[in-house]
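Dropping start_4.cif in here (mmCIF, C-alpha atoms):
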```cif
data_target
#
loop_
_atom_site.label_atom_id
_atom_site.label_comp_id
_atom_site.auth_asym_id
_atom_site.auth_seq_id
_atom_site.Cartn_x
_atom_site.Cartn_y
_atom_site.Cartn_z
CA MET A 1 -2.14 1.88 -38.21
CA THR A 2 -1.18 2.57 -34.62
CA ASP A 3 -0.80 -0.05 -31.93
CA GLY A 4 -3.15 1.89 -29.65
CA ARG A 5 -0.68 2.46 -26.85
CA SER A 6 -1.25 6.21 -27.02
CA ALA A 7 -4.61 5.48 -25.36
CA ARG A 8 -2.37 5.22 -22.38
CA ARG A 9 -4.71 4.71 -19.50
CA GLY A 10 -7.30 2.49 -21.16
CA TRP A 11 -9.97 3.01 -18.51
CA GLY A 12 -12.38 0.71 -20.36
CA LEU A 13 -10.97 -2.44 -18.71
CA ALA A 14 -13.80 -4.62 -17.46
CA LEU A 15 -14.56 -4.08 -13.81
CA GLY A 16 -14.67 -7.83 -13.36
CA ALA A 17 -10.85 -7.72 -13.18
CA ALA A 18 -11.18 -6.14 -9.75
CA ALA A 19 -11.85 -9.47 -8.11
CA CYS A 20 -8.67 -10.90 -9.65
CA LEU A 21 -6.54 -8.11 -8.27
CA LEU A 22 -7.92 -8.10 -4.75
CA ALA A 23 -6.35 -11.49 -4.16
CA ALA A 24 -2.99 -10.19 -5.35
CA LEU A 25 -2.80 -6.83 -3.62
CA SER A 26 -0.74 -8.00 -0.67
CA VAL A 27 2.57 -7.67 -2.54
CA ALA A 28 5.38 -8.60 -0.20
CA PRO A 29 8.18 -6.08 0.25
CA GLY A 30 10.92 -6.88 -2.22
CA GLY A 31 8.63 -7.73 -5.13
CA ALA A 32 6.74 -10.73 -6.41
CA ASP A 33 9.71 -13.08 -6.22
CA GLY A 34 10.39 -12.24 -2.57
CA ARG A 35 13.86 -10.80 -3.22
CA PRO A 36 14.84 -7.76 -1.15
CA GLY A 37 14.19 -4.69 -3.25
CA ALA A 38 16.38 -1.68 -3.82
CA ALA A 39 16.13 1.24 -1.43
CA GLY A 40 12.63 2.71 -1.55
CA ALA A 41 12.15 5.30 -4.24
CA GLY A 42 10.93 8.79 -3.52
CA ALA A 43 7.32 9.29 -4.52
CA GLY A 44 4.80 12.04 -5.05
CA PHE A 45 2.07 13.32 -7.33
CA THR A 46 1.31 15.13 -10.54
CA VAL A 47 -0.64 18.33 -9.90
CA ALA A 48 -2.32 20.88 -12.14
CA ALA A 49 0.00 23.31 -13.88
CA PRO A 50 0.23 26.64 -12.07
CA GLY A 51 -0.21 29.88 -13.91
CA GLU A 52 -3.83 30.95 -13.96
CA ASP A 53 -3.71 32.19 -10.36
CA PRO A 54 -0.68 34.34 -9.50
CA SER A 55 -1.44 33.83 -5.79
CA LEU A 56 -0.74 30.11 -6.26
CA SER A 57 -3.37 29.31 -3.64
CA ALA A 58 -4.42 25.97 -5.18
CA PHE A 59 -0.81 25.00 -5.92
CA ARG A 60 0.26 25.82 -2.38
CA ALA A 61 -2.59 23.68 -1.04
CA ASP A 62 -1.42 20.81 -3.25
CA VAL A 63 2.14 21.15 -1.97
CA ASP A 64 0.87 21.02 1.60
CA ARG A 65 -1.15 17.87 0.91
CA ILE A 66 1.83 16.12 -0.66
CA VAL A 67 4.16 17.03 2.18
CA ASP A 68 1.60 16.13 4.85
CA GLY A 69 0.99 12.83 3.08
CA GLY A 70 4.67 11.88 3.12
CA GLY A 71 5.44 12.62 -0.53
CA THR A 72 8.83 13.85 -1.64
CA TRP A 73 8.22 14.72 -5.33
CA ILE A 74 5.86 17.01 -7.24
CA ARG A 75 5.27 16.90 -11.01
CA PHE A 76 3.63 19.73 -12.92
CA GLY A 77 3.77 21.41 -16.29
CA VAL A 78 4.89 24.75 -17.58
CA ARG A 79 2.37 25.78 -20.22
CA ALA A 80 3.44 27.88 -23.16
CA GLU A 81 0.12 29.73 -23.15
CA VAL A 82 1.05 31.05 -19.71
CA VAL A 83 4.73 31.87 -20.21
CA VAL A 84 4.99 32.77 -23.93
CA ALA A 85 3.79 36.10 -25.23
CA GLU A 86 4.74 35.43 -28.86
CA TRP A 87 6.48 32.73 -30.89
CA GLY A 88 8.95 33.82 -33.56
CA GLY A 89 10.49 37.19 -34.03
CA GLU A 90 14.15 38.08 -33.85
CA ASP A 91 14.79 36.05 -30.69
CA GLY A 92 12.71 33.00 -31.64
CA VAL A 93 10.31 33.48 -28.74
CA ARG A 94 9.17 36.33 -26.53
CA PHE A 95 8.32 35.36 -22.96
CA ASP A 96 5.59 36.77 -20.75
CA PRO A 97 7.51 37.89 -17.63
CA SER A 98 4.44 37.76 -15.41
CA GLY A 99 3.45 34.23 -16.39
CA LEU A 100 7.03 33.02 -16.15
CA ASP A 101 7.36 34.55 -12.69
CA THR A 102 4.23 32.73 -11.48
CA VAL A 103 5.53 29.31 -12.52
CA VAL A 104 9.04 29.81 -11.22
CA ARG A 105 7.61 30.95 -7.87
CA ALA A 106 5.62 27.72 -7.82
CA ALA A 107 8.76 25.65 -8.38
CA ARG A 108 10.64 27.60 -5.72
CA HIS A 109 7.80 27.17 -3.23
CA ALA A 110 7.76 23.41 -3.80
CA ARG A 111 11.52 23.17 -3.31
CA ASP A 112 11.36 25.30 -0.18
CA ALA A 113 8.80 22.82 1.14
CA GLY A 114 11.32 20.02 0.65
CA LEU A 115 9.95 18.53 -2.58
CA GLU A 116 11.89 17.46 -5.65
CA VAL A 117 10.49 19.26 -8.70
CA TYR A 118 9.69 17.33 -11.87
CA LEU A 119 8.85 19.93 -14.53
CA ILE A 120 7.01 18.99 -17.73
CA SER A 121 7.73 21.07 -20.83
CA THR A 122 5.17 19.59 -23.21
CA ASP A 123 4.44 22.50 -25.51
CA GLY A 124 6.22 23.54 -28.66
CA ASP A 125 5.98 26.25 -31.28
CA PRO A 126 2.44 25.80 -32.68
CA ARG A 127 3.05 27.75 -35.88
CA PRO A 128 3.11 25.92 -39.24
CA VAL A 129 6.74 26.83 -39.84
CA SER A 130 9.72 25.08 -41.39
CA ASP A 131 11.76 22.56 -39.43
CA ALA A 132 14.61 25.05 -39.28
CA GLU A 133 12.39 27.75 -37.79
CA TYR A 134 10.86 25.28 -35.33
CA THR A 135 14.36 24.27 -34.25
CA ARG A 136 15.32 27.91 -33.75
CA SER A 137 12.24 28.84 -31.73
CA MET A 138 12.41 25.73 -29.57
CA ALA A 139 16.09 26.30 -28.82
CA ALA A 140 15.19 29.79 -27.64
CA TYR A 141 12.26 28.42 -25.61
CA TRP A 142 14.29 25.74 -23.81
CA GLU A 143 17.13 28.17 -23.21
CA GLY A 144 14.80 30.73 -21.68
CA LEU A 145 13.18 28.15 -19.42
CA ALA A 146 16.54 26.74 -18.33
CA GLN A 147 17.90 30.17 -17.50
CA THR A 148 14.79 31.01 -15.49
CA PHE A 149 14.38 27.71 -13.62
CA ALA A 150 18.06 26.90 -13.10
CA GLY A 151 18.55 25.38 -9.66
CA GLU A 152 14.83 24.88 -9.05
CA VAL A 153 14.20 21.70 -11.09
CA THR A 154 15.40 18.17 -10.40
CA VAL A 155 14.02 16.59 -13.59
CA TRP A 156 13.02 18.22 -16.86
CA GLN A 157 10.55 16.22 -18.96
CA ILE A 158 10.56 17.26 -22.62
CA PHE A 159 7.28 16.53 -24.43
CA ASN A 160 4.76 14.04 -23.00
CA GLU A 161 4.44 10.45 -24.19
CA PRO A 162 5.74 11.33 -27.65
CA ASP A 163 5.90 7.66 -28.65
CA GLY A 164 2.33 7.38 -29.94
CA LEU A 165 1.60 10.95 -31.03
CA HIS A 166 4.00 13.19 -32.94
CA TYR A 167 5.72 15.61 -30.59
CA ARG A 168 4.95 18.50 -32.90
CA THR A 169 1.68 17.75 -34.73
CA ARG A 170 0.10 15.31 -32.21
CA ALA A 171 -0.78 13.05 -35.14
CA GLU A 172 -0.64 9.30 -34.59
CA ILE A 173 2.60 7.60 -35.63
CA PRO A 174 2.05 4.61 -37.95
CA GLU A 175 4.09 1.62 -36.85
CA SER A 176 5.95 1.55 -40.16
CA ARG A 177 7.21 5.10 -39.60
CA ARG A 178 8.26 4.70 -35.98
CA PRO A 179 11.99 4.05 -36.61
CA ALA A 180 12.46 7.28 -38.58
CA TYR A 181 10.26 9.25 -36.21
CA TYR A 182 12.06 7.94 -33.12
CA ALA A 183 15.43 8.82 -34.65
CA ASP A 184 14.26 12.40 -35.26
CA LEU A 185 12.78 12.59 -31.77
CA GLY A 186 16.02 11.30 -30.24
CA ASN A 187 17.98 14.07 -31.94
CA ARG A 188 15.44 16.65 -30.79
CA LEU A 189 15.65 15.45 -27.19
CA GLU A 190 19.45 15.42 -27.30
CA ALA A 191 19.40 19.05 -28.47
CA ALA A 192 17.02 20.01 -25.68
CA ALA A 193 19.20 18.28 -23.09
CA ARG A 194 22.29 20.04 -24.34
CA ILE A 195 20.64 23.47 -24.19
CA ILE A 196 19.17 22.88 -20.74
CA GLY A 197 22.44 21.46 -19.45
CA GLU A 198 24.32 24.59 -20.43
CA HIS A 199 22.20 26.67 -18.06
CA ASP A 200 21.06 24.13 -15.47
CA PRO A 201 23.82 21.49 -15.30
CA ALA A 202 22.33 19.84 -12.21
CA GLY A 203 18.97 19.30 -13.89
CA GLN A 204 18.28 15.85 -15.37
CA VAL A 205 16.51 15.68 -18.74
CA THR A 206 14.02 12.95 -19.68
CA THR A 207 10.94 12.15 -21.69
CA ASN A 208 8.30 9.54 -20.95
CA VAL A 209 6.98 6.59 -22.91
CA SER A 210 3.38 5.44 -22.61
CA GLY A 211 2.54 2.38 -20.56
CA TYR A 212 -0.89 0.95 -21.28
CA PRO A 213 -1.46 -1.90 -21.53
CA ILE A 214 1.24 -3.49 -19.40
CA ASP A 215 1.61 -6.88 -21.05
CA GLY A 216 4.13 -9.22 -22.63
CA SER A 217 4.96 -6.71 -25.37
CA THR A 218 5.61 -3.71 -23.12
CA GLY A 219 9.32 -4.38 -22.62
CA ALA A 220 9.98 -4.60 -26.36
CA TYR A 221 7.92 -1.48 -27.00
CA TRP A 222 9.79 0.55 -24.39
CA GLN A 223 13.09 -0.82 -25.66
CA GLU A 224 12.35 0.23 -29.24
CA PHE A 225 11.60 3.74 -27.99
CA PHE A 226 14.62 4.13 -25.71
CA ASP A 227 17.06 2.49 -28.14
CA ALA A 228 16.51 5.59 -30.28
CA THR A 229 16.18 8.22 -27.55
CA ALA A 230 18.11 7.21 -24.42
CA HIS A 231 21.43 8.51 -25.71
CA GLY A 232 20.30 12.08 -25.13
CA LEU A 233 18.60 11.53 -21.76
CA ASP A 234 19.91 11.57 -18.20
CA THR A 235 17.12 9.40 -16.81
CA LEU A 236 14.35 7.34 -18.42
CA ALA A 237 10.69 7.98 -17.63
CA VAL A 238 7.86 5.53 -18.19
CA SER A 239 4.13 5.69 -17.64
CA ALA A 240 2.77 2.52 -16.05
CA TYR A 241 -0.95 1.74 -15.89
CA PRO A 242 -1.49 -1.85 -14.71
CA GLN A 243 -5.03 -0.98 -13.65
CA LEU A 244 -6.48 -3.98 -11.80
CA ASP A 245 -4.58 -6.66 -13.71
CA PRO A 246 -2.51 -8.82 -11.31
CA GLN A 247 -0.31 -10.10 -14.14
CA ALA A 248 0.49 -6.53 -15.17
CA LEU A 249 1.29 -5.70 -11.56
CA ASP A 250 3.72 -8.63 -11.37
CA ARG A 251 5.48 -7.48 -14.55
CA LEU A 252 6.27 -3.95 -13.35
CA PRO A 253 9.42 -4.55 -11.25
CA GLY A 254 11.00 -6.64 -13.99
CA LEU A 255 10.25 -4.01 -16.63
CA VAL A 256 11.89 -1.31 -14.52
CA GLU A 257 14.98 -3.47 -14.04
CA GLN A 258 15.08 -4.30 -17.75
CA MET A 259 15.23 -0.63 -18.72
CA ARG A 260 17.73 0.27 -16.00
CA SER A 261 20.08 -2.59 -16.91
CA ARG A 262 19.92 -2.12 -20.67
CA TYR A 263 20.69 1.61 -20.64
CA ASP A 264 22.57 1.92 -17.34
CA LYS A 265 20.41 4.89 -16.40
CA PRO A 266 17.91 5.52 -13.61
CA VAL A 267 14.23 4.98 -14.30
CA ILE A 268 11.37 7.21 -13.17
CA ILE A 269 7.73 6.17 -13.06
CA ALA A 270 6.32 9.38 -14.48
CA GLU A 271 2.70 8.30 -14.20
CA VAL A 272 0.78 5.58 -12.40
CA GLY A 273 -2.89 5.94 -11.60
CA LEU A 274 -6.48 4.81 -12.00
CA GLN A 275 -9.51 6.80 -13.10
CA THR A 276 -12.72 6.89 -11.09
CA CYS A 277 -16.07 7.17 -12.84
CA PRO A 278 -19.35 5.22 -13.08
CA GLU A 279 -18.12 3.45 -16.22
CA CYS A 280 -14.61 2.65 -14.98
CA PHE A 281 -13.45 2.23 -11.36
CA THR A 282 -14.68 3.12 -7.89
CA PRO A 283 -12.67 5.20 -5.41
CA ASP A 284 -12.13 2.08 -3.31
CA GLN A 285 -10.75 0.23 -6.32
CA GLN A 286 -8.56 3.23 -7.08
CA GLY A 287 -7.10 3.18 -3.59
CA ALA A 288 -6.41 -0.54 -3.68
CA GLY A 289 -5.05 -0.61 -7.23
CA VAL A 290 -2.83 2.45 -7.08
CA SER A 291 -1.41 1.62 -3.66
CA ALA A 292 -0.57 -1.91 -4.85
CA ALA A 293 1.17 -0.55 -7.96
CA VAL A 294 3.16 1.99 -5.94
CA ARG A 295 4.33 -0.68 -3.52
CA ALA A 296 5.36 -3.00 -6.35
CA LEU A 297 7.27 -0.16 -7.96
CA HIS A 298 8.92 0.85 -4.68
CA ALA A 299 10.40 -2.64 -4.56
CA ALA A 300 11.90 -2.13 -8.03
CA GLY A 301 13.88 0.88 -6.78
CA PRO A 302 13.17 3.52 -9.47
CA GLN A 303 14.45 7.04 -9.00
CA ALA A 304 10.92 8.31 -8.32
CA ILE A 305 7.26 7.30 -8.56
CA LEU A 306 4.70 9.94 -9.53
CA VAL A 307 1.03 9.15 -9.00
CA TYR A 308 -1.28 10.59 -11.63
CA GLN A 309 -2.71 12.61 -10.03
CA LEU A 310 -3.33 14.39 -6.73
CA ARG A 311 -6.74 15.93 -7.40
CA ASP A 312 -9.32 15.75 -10.16
CA ASP A 313 -8.71 18.35 -12.85
CA ARG A 314 -12.10 19.47 -14.08
CA GLY A 315 -10.50 21.38 -16.95
CA SER A 316 -8.68 18.35 -18.31
CA SER A 317 -9.75 15.79 -20.90
CA GLU A 318 -8.39 13.17 -18.48
CA GLN A 319 -10.28 14.22 -15.38
CA ASP A 320 -11.16 12.05 -12.39
CA PHE A 321 -7.72 10.48 -11.98
CA GLY A 322 -7.21 12.41 -8.75
CA ILE A 323 -7.19 10.66 -5.38
CA LEU A 324 -8.80 13.88 -4.18
CA TYR A 325 -11.88 15.49 -5.68
CA SER A 326 -11.34 18.80 -7.44
CA ASP A 327 -12.34 20.70 -4.28
CA GLY A 328 -9.69 18.86 -2.25
CA ARG A 329 -11.93 16.35 -0.46
CA PRO A 330 -10.29 12.92 -0.30
CA LYS A 331 -11.82 10.01 -2.16
CA SER A 332 -12.39 6.88 -0.11
CA GLY A 333 -9.15 5.23 -1.26
CA ALA A 334 -6.91 8.27 -0.83
CA GLY A 335 -5.53 7.16 2.53
CA GLU A 336 -4.26 3.88 1.04
CA VAL A 337 -2.43 5.76 -1.70
CA PHE A 338 -0.83 8.22 0.71
CA ASP A 339 0.30 5.31 2.88
CA ALA A 340 1.98 3.63 -0.10
CA VAL A 341 3.58 6.86 -1.28
CA SER A 342 5.08 7.57 2.13
CA GLU A 343 6.66 4.12 2.55
#
```
Here is the file; what I need is its structure written in the form of structure tokens.
Amino acid sequence: MTDGRSARRGWGLALGAAACLLAALSVAPGGADGRPGAAGAGAGFTVAAPGEDPSLSAFRADVDRIVDGGGTWIRFGVRAEVVVAEWGGEDGVRFDPSGLDTVVRAARHARDAGLEVYLISTDGDPRPVSDAEYTRSMAAYWEGLAQTFAGEVTVWQIFNEPDGLHYRTRAEIPESRRPAYYADLGNRLEAAARIIGEHDPAGQVTTNVSGYPIDGSTGAYWQEFFDATAHGLDTLAVSAYPQLDPQALDRLPGLVEQMRSRYDKPVIIAEVGLQTCPECFTPDQQGAGVSAAVRALHAAGPQAILVYQLRDDRGSSEQDFGILYSDGRPKSGAGEVFDAVSE
């Protein structure tokens, strides 16, 4: 059995909740309890991984939109299918120089534009090999990435929401097996951080834990995950999807503070967003809901807030989360989100 949290965005929430949120969207600066918040966090957006287009035309347009909209962070992935020519062999992995060059140019362009780069390294060796061989190939992979991107990346995210799905097989993790799995994952993350740190000592290493639903059990769930993994991380990343639930919105600042205080490490909101579609939420609801969540999180003072995502990704299984359509046109709530991000 799984607790279902890997269905991280849960866009099936009844639209009737919208009316409940609209009365709670005017979150006062400093959080729900009225206390002055920490200094406002930097914020930005997740964008599609570069690599298919060496000219980086779409990526450059995304960078421009983030900068023009007042964002200070950009989050994107490096995909193994773009940068790896072959897994295995004498060196553990053979990189594709052309694909690697495209992605590192993207990171450099974003930094030159004044953005902090949050790089997601989700992929791993897909071969059905032994644990020892997987360890060898992944060490070579992380080392090659760190050598190539050294100085260009502020935060390295290893894997993506590996709490609900196995970081290697993507199989669901039964609750009874979570302690052993988390212990193994923690060791794997610690190894990745050590390898990356040898070549990019200024880069901070993290992974993210899923965050839907945001309810009374979220703090304990995140704590179970980070109790086993935080020792190898420089900063802690969480996904947070309150959708249009005012109670979930009120919980967010306290959850951020709980993680920061328990582990004495900064916290990043790796994902916060709301899907638009006929069966889920309207663009107006997206603008109101996401902007309210970003403002509540600003008051909590995380290291960064990353909205998922800038534009719809028609090639993704999780499309329509963008505040822009795939062609770059803004949805009706986009202005509200940009305003919240820039605060």
Evaluate the PyMOL selection byres ((chain A and resi 77-88) around 9) here and jot the selected residues down as a ChimeraX atom specification. /A:46-52,75-76,89-103,118-127,133-134,136-137,141,157
Report as a ChimeraX atom specification the residues that result from applying the PyMOL selection byres ((chain A and resi 145-153) around 7) to the structure here. /A:104,107-108,111,117-119,141-144,154-156,196,199-200,203
Which is closest to Val267 in chain A among A:Trp222, A:Tyr212, A:Phe159, A:Phe45, if we use all atoms listed in the file?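 Ranking A:Trp222, A:Tyr212, A:Phe159, A:Phe45 by distance to Val267 in chain A, first place goes to A:Trp222.
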Quick one: everything within 9 Å of Leu252 in chain A, counting only C-alpha atoms, minus sequence neighbours fewer than 6 positions away in the same chain. Send it as a ChimeraX atom specification. /A:214,240,242,293,296-297,300
Export of prior selection with C-alpha atoms as a PDB file, keeping the file's coordinate frame:
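The result, stored in part-v8.pdb:
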```pdb
ATOM      1  CA  ILE A 214       1.240  -3.490 -19.400  1.00  0.00           C
ATOM      2  CA  ALA A 240       2.770   2.520 -16.050  1.00  0.00           C
ATOM      3  CA  PRO A 242      -1.490  -1.850 -14.710  1.00  0.00           C
ATOM      4  CA  ALA A 293       1.170  -0.550  -7.960  1.00  0.00           C
ATOM      5  CA  ALA A 296       5.360  -3.000  -6.350  1.00  0.00           C
ATOM      6  CA  LEU A 297       7.270  -0.160  -7.960  1.00  0.00           C
ATOM      7  CA  ALA A 300      11.900  -2.130  -8.030  1.00  0.00           C
TER       8      ALA A 300
END
```
Name the residues captured by the PyMOL selection byres ((chain A and resi 192) around 10) when it is applied to the shown file; answer as a PyMOL selection string. chain A and resi 135+138-139+141-143+146+156+158+186-191+193-197+205-206+232-233
